[in-house]
Amino acid sequence: MPTRTLYGYYRSSAAYRTRIALNLKGLSHEKHSIHLRKGDQFLADYAKLNPQRQVPTLIDEDDSVLIQSPAILEYLEETCPEPPLLPQGAAARARVRAIAMAIGCDIHPLNNLRVLTYLRGNLELAEERVTDWIHNWIGLGFQAIEQMLSDSKATGDYCHGDTPTLADIYLAPQVYGAERFNCPLDAYPTIARVHANASKLAAFIDAYPDTQPDAE
């Protein structure tokens, strides 16, 4: 029987958000760990699947090979539209995408493993300065997202309305990352509230990094 295979790493934000989306849509999949800190992403067999040598990579039931989590999430929305990850209405969908991309474009890329490795190795920054870097970009991003959420009547139990959307899928891994790096979160009560609601859902619980088979 054809199966989906998700290549990921338990602590990768991009793989984490993909796991949540697959769970929300009820799509069964096999998990294959690519240990980023050990360099599994640079092995020849994996590099053939993902030329960027990153995670996630999703191989769908028809053997389609998909990379880049934003593209994968849009693909899942197009091919398996129920339950939807985006709300009805162009403006509402744009709002959800804006919250998601504030994380996916402006926070996460600056704090991923490749960047931190470069800061520590090539630039020889002390760990204290690396931590300052992480806190700076998370803080700037969360300040904006908190305002986007708290100022809008569209915010409900979740980032948009009362069902989880793409915005919540992006937010959960970023909150996890902020907590992992001891980034202060007291200034973001709306983020904390909607994230707490999402964290009670089975789709989010089952995707949580520390419970994955390759967690260390």
# chains A, B, ... in the order shown; residues from 1 in each chain; ligands from 1
>>> closest_atom_pairs(of="region 77-175 of chain A", to="region 58-70 of chain A", cutoff="10 Å", atoms="only C-alpha atoms", output="JSON lines")
{"residue": "A:Ala100", "atom": "CA", "partner": "A:Pro70", "partner_atom": "CA", "distance": 9.4}
{"residue": "A:Met101", "atom": "CA", "partner": "A:Pro70", "partner_atom": "CA", "distance": 9.0}
{"residue": "A:Gly104", "atom": "CA", "partner": "A:Pro70", "partner_atom": "CA", "distance": 8.1}
{"residue": "A:Leu166", "atom": "CA", "partner": "A:Pro70", "partner_atom": "CA", "distance": 9.7}
{"residue": "A:Tyr170", "atom": "CA", "partner": "A:Pro70", "partner_atom": "CA", "distance": 9.7}
>>> select_by_dssp(residues="region 42-169 of chain A", states="alpha helix (DSSP H)", output="VMD selection string")
chain A and resid 44 to 49 69 to 79 90 to 104 113 to 120 127 to 150 166 to 169
>>> write_last_selection(atoms="C-alpha atoms", output="PDB file, in the first residue's frame")
ATOM      1  CA  ALA A  44      24.433  11.610  -0.981  1.00  0.00           C
ATOM      2  CA  ASP A  45      21.154   9.694  -0.941  1.00  0.00           C
ATOM      3  CA  TYR A  46      19.363  12.448   0.944  1.00  0.00           C
ATOM      4  CA  ALA A  47      20.934  15.235  -1.121  1.00  0.00           C
ATOM      5  CA  LYS A  48      19.382  13.633  -4.213  1.00  0.00           C
ATOM      6  CA  LEU A  49      15.957  14.104  -2.622  1.00  0.00           C
ATOM      7  CA  SER A  69       7.653  23.484   4.341  1.00  0.00           C
ATOM      8  CA  PRO A  70       5.618  26.450   2.949  1.00  0.00           C
ATOM      9  CA  ALA A  71       5.313  24.653  -0.383  1.00  0.00           C
ATOM     10  CA  ILE A  72       4.466  21.370   1.349  1.00  0.00           C
ATOM     11  CA  LEU A  73       1.741  23.000   3.441  1.00  0.00           C
ATOM     12  CA  GLU A  74       0.212  24.674   0.390  1.00  0.00           C
ATOM     13  CA  TYR A  75       0.376  21.334  -1.448  1.00  0.00           C
ATOM     14  CA  LEU A  76      -1.444  19.588   1.387  1.00  0.00           C
ATOM     15  CA  GLU A  77      -4.085  22.309   1.391  1.00  0.00           C
ATOM     16  CA  GLU A  78      -4.625  21.902  -2.356  1.00  0.00           C
ATOM     17  CA  THR A  79      -4.621  18.115  -2.483  1.00  0.00           C
ATOM     18  CA  ALA A  90      -9.270  36.498   0.512  1.00  0.00           C
ATOM     19  CA  ALA A  91      -8.611  39.062   3.250  1.00  0.00           C
ATOM     20  CA  ALA A  92      -8.864  36.437   5.989  1.00  0.00           C
ATOM     21  CA  ARG A  93      -6.500  34.107   4.142  1.00  0.00           C
ATOM     22  CA  ALA A  94      -4.061  36.987   3.643  1.00  0.00           C
ATOM     23  CA  ARG A  95      -4.146  37.736   7.374  1.00  0.00           C
ATOM     24  CA  VAL A  96      -3.405  34.133   8.283  1.00  0.00           C
ATOM     25  CA  ARG A  97      -0.585  33.969   5.742  1.00  0.00           C
ATOM     26  CA  ALA A  98       0.843  37.253   7.050  1.00  0.00           C
ATOM     27  CA  ILE A  99       1.065  35.890  10.603  1.00  0.00           C
ATOM     28  CA  ALA A 100       2.601  32.668   9.328  1.00  0.00           C
ATOM     29  CA  MET A 101       5.125  34.453   7.132  1.00  0.00           C
ATOM     30  CA  ALA A 102       6.116  36.853   9.912  1.00  0.00           C
ATOM     31  CA  ILE A 103       7.497  33.698  11.483  1.00  0.00           C
ATOM     32  CA  GLY A 104       8.484  31.715   8.405  1.00  0.00           C
ATOM     33  CA  LEU A 113      20.792  25.718  12.742  1.00  0.00           C
ATOM     34  CA  ARG A 114      22.751  26.819   9.664  1.00  0.00           C
ATOM     35  CA  VAL A 115      22.799  30.455  10.771  1.00  0.00           C
ATOM     36  CA  LEU A 116      23.678  29.670  14.373  1.00  0.00           C
ATOM     37  CA  THR A 117      26.441  27.320  13.245  1.00  0.00           C
ATOM     38  CA  TYR A 118      27.878  30.114  11.083  1.00  0.00           C
ATOM     39  CA  LEU A 119      27.717  32.614  13.938  1.00  0.00           C
ATOM     40  CA  ARG A 120      29.448  30.238  16.332  1.00  0.00           C
ATOM     41  CA  GLU A 127      27.573  32.017  23.112  1.00  0.00           C
ATOM     42  CA  GLU A 128      26.298  35.100  24.940  1.00  0.00           C
ATOM     43  CA  ARG A 129      26.282  37.075  21.696  1.00  0.00           C
ATOM     44  CA  VAL A 130      24.573  34.224  19.845  1.00  0.00           C
ATOM     45  CA  THR A 131      21.876  34.202  22.520  1.00  0.00           C
ATOM     46  CA  ASP A 132      21.453  37.964  22.144  1.00  0.00           C
ATOM     47  CA  TRP A 133      21.035  37.440  18.384  1.00  0.00           C
ATOM     48  CA  ILE A 134      18.336  34.818  18.918  1.00  0.00           C
ATOM     49  CA  HIS A 135      16.442  36.884  21.492  1.00  0.00           C
ATOM     50  CA  ASN A 136      16.596  39.981  19.306  1.00  0.00           C
ATOM     51  CA  TRP A 137      14.929  38.426  16.266  1.00  0.00           C
ATOM     52  CA  ILE A 138      12.356  36.458  18.224  1.00  0.00           C
ATOM     53  CA  GLY A 139      11.522  39.541  20.253  1.00  0.00           C
ATOM     54  CA  LEU A 140      11.083  41.804  17.244  1.00  0.00           C
ATOM     55  CA  GLY A 141       8.922  39.229  15.495  1.00  0.00           C
ATOM     56  CA  PHE A 142       6.773  38.421  18.507  1.00  0.00           C
ATOM     57  CA  GLN A 143       6.171  42.109  19.239  1.00  0.00           C
ATOM     58  CA  ALA A 144       4.620  42.467  15.795  1.00  0.00           C
ATOM     59  CA  ILE A 145       2.653  39.212  15.975  1.00  0.00           C
ATOM     60  CA  GLU A 146       1.301  40.072  19.422  1.00  0.00           C
ATOM     61  CA  GLN A 147      -0.019  43.339  18.019  1.00  0.00           C
ATOM     62  CA  MET A 148      -1.458  41.597  14.961  1.00  0.00           C
ATOM     63  CA  LEU A 149      -3.352  39.237  17.254  1.00  0.00           C
ATOM     64  CA  SER A 150      -4.390  41.558  20.073  1.00  0.00           C
ATOM     65  CA  LEU A 166      -1.725  27.925   9.078  1.00  0.00           C
ATOM     66  CA  ALA A 167      -0.876  30.720  11.521  1.00  0.00           C
ATOM     67  CA  ASP A 168      -1.093  28.377  14.526  1.00  0.00           C
ATOM     68  CA  ILE A 169       0.909  25.753  12.660  1.00  0.00           C
TER      69      ILE A 169
END
>>> atom_distance(atom1="CA of His32 (chain A)", atom2="CA of Tyr7 (chain A)")
4.7 Å
>>> closest_residue(among="A:Val55, A:Cys105, A:Ile34, A:Leu24", to="Ala198 (chain A)", atoms="only C-alpha atoms")
A:Leu24
>>> residues_around(residues="region 9-13 of chain A", least_positions_apart="3", cutoff="6 Å", atoms="only C-alpha atoms", output="JSON, numbers by chain")
{"A": [16, 33, 34, 35, 173, 209, 212, 215]}
>>> write_last_selection(atoms="N, CA and C atoms", output="PDB file, in the first residue's frame")
ATOM      1  N   TYR A  16       8.542  20.341  12.228  1.00  0.00           N
ATOM      2  CA  TYR A  16       7.508  20.386  13.259  1.00  0.00           C
ATOM      3  C   TYR A  16       6.196  20.896  12.670  1.00  0.00           C
ATOM      4  N   SER A  33      14.118   9.952  10.247  1.00  0.00           N
ATOM      5  CA  SER A  33      14.915  10.995  10.892  1.00  0.00           C
ATOM      6  C   SER A  33      16.161  11.341  10.088  1.00  0.00           C
ATOM      7  N   ILE A  34      16.371  12.641   9.896  1.00  0.00           N
ATOM      8  CA  ILE A  34      17.607  13.171   9.323  1.00  0.00           C
ATOM      9  C   ILE A  34      18.275  13.980  10.425  1.00  0.00           C
ATOM     10  N   HIS A  35      19.308  13.436  11.004  1.00  0.00           N
ATOM     11  CA  HIS A  35      19.947  14.067  12.160  1.00  0.00           C
ATOM     12  C   HIS A  35      20.804  15.239  11.674  1.00  0.00           C
ATOM     13  N   PRO A 173       5.842  25.915  16.600  1.00  0.00           N
ATOM     14  CA  PRO A 173       7.281  25.647  16.613  1.00  0.00           C
ATOM     15  C   PRO A 173       8.113  26.858  17.048  1.00  0.00           C
ATOM     16  N   PRO A 209       8.080  18.178  19.515  1.00  0.00           N
ATOM     17  CA  PRO A 209       9.433  17.657  19.264  1.00  0.00           C
ATOM     18  C   PRO A 209       9.934  16.661  20.290  1.00  0.00           C
ATOM     19  N   GLN A 212       9.024  12.933  19.811  1.00  0.00           N
ATOM     20  CA  GLN A 212       9.284  12.258  18.540  1.00  0.00           C
ATOM     21  C   GLN A 212      10.261  11.093  18.736  1.00  0.00           C
ATOM     22  N   ALA A 215      13.896  12.079  19.239  1.00  0.00           N
ATOM     23  CA  ALA A 215      14.217  13.104  20.235  1.00  0.00           C
ATOM     24  C   ALA A 215      15.368  12.631  21.121  1.00  0.00           C
TER      25      ALA A 215
END
>>> decode(residues="region 40-158 of chain A", atoms="C-alpha atoms", output="PDB file, in the first residue's frame")
ATOM      1  CA  ASP A  40      22.743  13.323   7.777  1.00  0.00           C
ATOM      2  CA  GLN A  41      21.417  16.028   5.450  1.00  0.00           C
ATOM      3  CA  PHE A  42      24.694  15.990   3.539  1.00  0.00           C
ATOM      4  CA  LEU A  43      24.625  12.268   2.753  1.00  0.00           C
ATOM      5  CA  ALA A  44      24.433  11.610  -0.981  1.00  0.00           C
ATOM      6  CA  ASP A  45      21.154   9.694  -0.941  1.00  0.00           C
ATOM      7  CA  TYR A  46      19.363  12.448   0.944  1.00  0.00           C
ATOM      8  CA  ALA A  47      20.934  15.235  -1.121  1.00  0.00           C
ATOM      9  CA  LYS A  48      19.382  13.633  -4.213  1.00  0.00           C
ATOM     10  CA  LEU A  49      15.957  14.104  -2.622  1.00  0.00           C
ATOM     11  CA  ASN A  50      16.575  17.583  -1.267  1.00  0.00           C
ATOM     12  CA  PRO A  51      19.214  19.657  -3.089  1.00  0.00           C
ATOM     13  CA  GLN A  52      19.093  22.252  -0.297  1.00  0.00           C
ATOM     14  CA  ARG A  53      20.123  19.559   2.186  1.00  0.00           C
ATOM     15  CA  GLN A  54      17.506  20.648   4.664  1.00  0.00           C
ATOM     16  CA  VAL A  55      14.364  19.237   6.238  1.00  0.00           C
ATOM     17  CA  PRO A  56      11.568  18.515   5.748  1.00  0.00           C
ATOM     18  CA  THR A  57      11.177  16.441   2.637  1.00  0.00           C
ATOM     19  CA  LEU A  58       7.827  14.779   2.010  1.00  0.00           C
ATOM     20  CA  ILE A  59       7.418  11.889  -0.392  1.00  0.00           C
ATOM     21  CA  ASP A  60       3.726  11.571  -1.133  1.00  0.00           C
ATOM     22  CA  GLU A  61       1.789   8.420  -1.971  1.00  0.00           C
ATOM     23  CA  ASP A  62       2.323   8.978  -5.696  1.00  0.00           C
ATOM     24  CA  ASP A  63       6.104   9.321  -5.129  1.00  0.00           C
ATOM     25  CA  SER A  64       6.041  13.116  -5.572  1.00  0.00           C
ATOM     26  CA  VAL A  65       9.046  14.579  -3.777  1.00  0.00           C
ATOM     27  CA  LEU A  66       8.240  17.836  -2.011  1.00  0.00           C
ATOM     28  CA  ILE A  67      10.601  20.202  -0.213  1.00  0.00           C
ATOM     29  CA  GLN A  68      10.299  23.537   1.623  1.00  0.00           C
ATOM     30  CA  SER A  69       7.653  23.484   4.341  1.00  0.00           C
ATOM     31  CA  PRO A  70       5.618  26.450   2.949  1.00  0.00           C
ATOM     32  CA  ALA A  71       5.313  24.653  -0.383  1.00  0.00           C
ATOM     33  CA  ILE A  72       4.466  21.370   1.349  1.00  0.00           C
ATOM     34  CA  LEU A  73       1.741  23.000   3.441  1.00  0.00           C
ATOM     35  CA  GLU A  74       0.212  24.674   0.390  1.00  0.00           C
ATOM     36  CA  TYR A  75       0.376  21.334  -1.448  1.00  0.00           C
ATOM     37  CA  LEU A  76      -1.444  19.588   1.387  1.00  0.00           C
ATOM     38  CA  GLU A  77      -4.085  22.309   1.391  1.00  0.00           C
ATOM     39  CA  GLU A  78      -4.625  21.902  -2.356  1.00  0.00           C
ATOM     40  CA  THR A  79      -4.621  18.115  -2.483  1.00  0.00           C
ATOM     41  CA  CYS A  80      -6.334  17.392   0.856  1.00  0.00           C
ATOM     42  CA  PRO A  81      -8.532  20.444   1.461  1.00  0.00           C
ATOM     43  CA  GLU A  82     -10.390  19.108   4.508  1.00  0.00           C
ATOM     44  CA  PRO A  83     -10.089  20.288   7.170  1.00  0.00           C
ATOM     45  CA  PRO A  84      -8.842  23.594   5.746  1.00  0.00           C
ATOM     46  CA  LEU A  85      -5.739  25.339   7.038  1.00  0.00           C
ATOM     47  CA  LEU A  86      -6.890  28.644   5.571  1.00  0.00           C
ATOM     48  CA  PRO A  87     -10.168  30.467   6.304  1.00  0.00           C
ATOM     49  CA  GLN A  88     -12.814  31.606   3.862  1.00  0.00           C
ATOM     50  CA  GLY A  89     -12.298  34.988   2.211  1.00  0.00           C
ATOM     51  CA  ALA A  90      -9.270  36.498   0.512  1.00  0.00           C
ATOM     52  CA  ALA A  91      -8.611  39.062   3.250  1.00  0.00           C
ATOM     53  CA  ALA A  92      -8.864  36.437   5.989  1.00  0.00           C
ATOM     54  CA  ARG A  93      -6.500  34.107   4.142  1.00  0.00           C
ATOM     55  CA  ALA A  94      -4.061  36.987   3.643  1.00  0.00           C
ATOM     56  CA  ARG A  95      -4.146  37.736   7.374  1.00  0.00           C
ATOM     57  CA  VAL A  96      -3.405  34.133   8.283  1.00  0.00           C
ATOM     58  CA  ARG A  97      -0.585  33.969   5.742  1.00  0.00           C
ATOM     59  CA  ALA A  98       0.843  37.253   7.050  1.00  0.00           C
ATOM     60  CA  ILE A  99       1.065  35.890  10.603  1.00  0.00           C
ATOM     61  CA  ALA A 100       2.601  32.668   9.328  1.00  0.00           C
ATOM     62  CA  MET A 101       5.125  34.453   7.132  1.00  0.00           C
ATOM     63  CA  ALA A 102       6.116  36.853   9.912  1.00  0.00           C
ATOM     64  CA  ILE A 103       7.497  33.698  11.483  1.00  0.00           C
ATOM     65  CA  GLY A 104       8.484  31.715   8.405  1.00  0.00           C
ATOM     66  CA  CYS A 105      10.264  34.600   6.652  1.00  0.00           C
ATOM     67  CA  ASP A 106      11.356  37.016   9.367  1.00  0.00           C
ATOM     68  CA  ILE A 107      12.083  34.994  12.541  1.00  0.00           C
ATOM     69  CA  HIS A 108      12.818  31.362  11.824  1.00  0.00           C
ATOM     70  CA  PRO A 109      15.394  31.769   9.001  1.00  0.00           C
ATOM     71  CA  LEU A 110      17.570  34.024  11.170  1.00  0.00           C
ATOM     72  CA  ASN A 111      17.695  31.516  14.009  1.00  0.00           C
ATOM     73  CA  ASN A 112      17.926  28.156  12.276  1.00  0.00           C
ATOM     74  CA  LEU A 113      20.792  25.718  12.742  1.00  0.00           C
ATOM     75  CA  ARG A 114      22.751  26.819   9.664  1.00  0.00           C
ATOM     76  CA  VAL A 115      22.799  30.455  10.771  1.00  0.00           C
ATOM     77  CA  LEU A 116      23.678  29.670  14.373  1.00  0.00           C
ATOM     78  CA  THR A 117      26.441  27.320  13.245  1.00  0.00           C
ATOM     79  CA  TYR A 118      27.878  30.114  11.083  1.00  0.00           C
ATOM     80  CA  LEU A 119      27.717  32.614  13.938  1.00  0.00           C
ATOM     81  CA  ARG A 120      29.448  30.238  16.332  1.00  0.00           C
ATOM     82  CA  GLY A 121      31.952  28.807  13.863  1.00  0.00           C
ATOM     83  CA  ASN A 122      32.813  31.176  11.030  1.00  0.00           C
ATOM     84  CA  LEU A 123      32.298  34.393  12.995  1.00  0.00           C
ATOM     85  CA  GLU A 124      33.484  32.890  16.296  1.00  0.00           C
ATOM     86  CA  LEU A 125      30.847  34.686  18.313  1.00  0.00           C
ATOM     87  CA  ALA A 126      30.672  33.929  22.013  1.00  0.00           C
ATOM     88  CA  GLU A 127      27.573  32.017  23.112  1.00  0.00           C
ATOM     89  CA  GLU A 128      26.298  35.100  24.940  1.00  0.00           C
ATOM     90  CA  ARG A 129      26.282  37.075  21.696  1.00  0.00           C
ATOM     91  CA  VAL A 130      24.573  34.224  19.845  1.00  0.00           C
ATOM     92  CA  THR A 131      21.876  34.202  22.520  1.00  0.00           C
ATOM     93  CA  ASP A 132      21.453  37.964  22.144  1.00  0.00           C
ATOM     94  CA  TRP A 133      21.035  37.440  18.384  1.00  0.00           C
ATOM     95  CA  ILE A 134      18.336  34.818  18.918  1.00  0.00           C
ATOM     96  CA  HIS A 135      16.442  36.884  21.492  1.00  0.00           C
ATOM     97  CA  ASN A 136      16.596  39.981  19.306  1.00  0.00           C
ATOM     98  CA  TRP A 137      14.929  38.426  16.266  1.00  0.00           C
ATOM     99  CA  ILE A 138      12.356  36.458  18.224  1.00  0.00           C
ATOM    100  CA  GLY A 139      11.522  39.541  20.253  1.00  0.00           C
ATOM    101  CA  LEU A 140      11.083  41.804  17.244  1.00  0.00           C
ATOM    102  CA  GLY A 141       8.922  39.229  15.495  1.00  0.00           C
ATOM    103  CA  PHE A 142       6.773  38.421  18.507  1.00  0.00           C
ATOM    104  CA  GLN A 143       6.171  42.109  19.239  1.00  0.00           C
ATOM    105  CA  ALA A 144       4.620  42.467  15.795  1.00  0.00           C
ATOM    106  CA  ILE A 145       2.653  39.212  15.975  1.00  0.00           C
ATOM    107  CA  GLU A 146       1.301  40.072  19.422  1.00  0.00           C
ATOM    108  CA  GLN A 147      -0.019  43.339  18.019  1.00  0.00           C
ATOM    109  CA  MET A 148      -1.458  41.597  14.961  1.00  0.00           C
ATOM    110  CA  LEU A 149      -3.352  39.237  17.254  1.00  0.00           C
ATOM    111  CA  SER A 150      -4.390  41.558  20.073  1.00  0.00           C
ATOM    112  CA  ASP A 151      -5.571  44.374  17.780  1.00  0.00           C
ATOM    113  CA  SER A 152      -7.820  42.215  15.608  1.00  0.00           C
ATOM    114  CA  LYS A 153     -11.370  41.039  16.212  1.00  0.00           C
ATOM    115  CA  ALA A 154     -10.549  38.114  13.915  1.00  0.00           C
ATOM    116  CA  THR A 155      -8.442  36.556  16.656  1.00  0.00           C
ATOM    117  CA  GLY A 156     -10.437  33.933  18.519  1.00  0.00           C
ATOM    118  CA  ASP A 157      -9.445  30.842  20.435  1.00  0.00           C
ATOM    119  CA  TYR A 158      -6.676  30.558  17.877  1.00  0.00           C
TER     120      TYR A 158
END
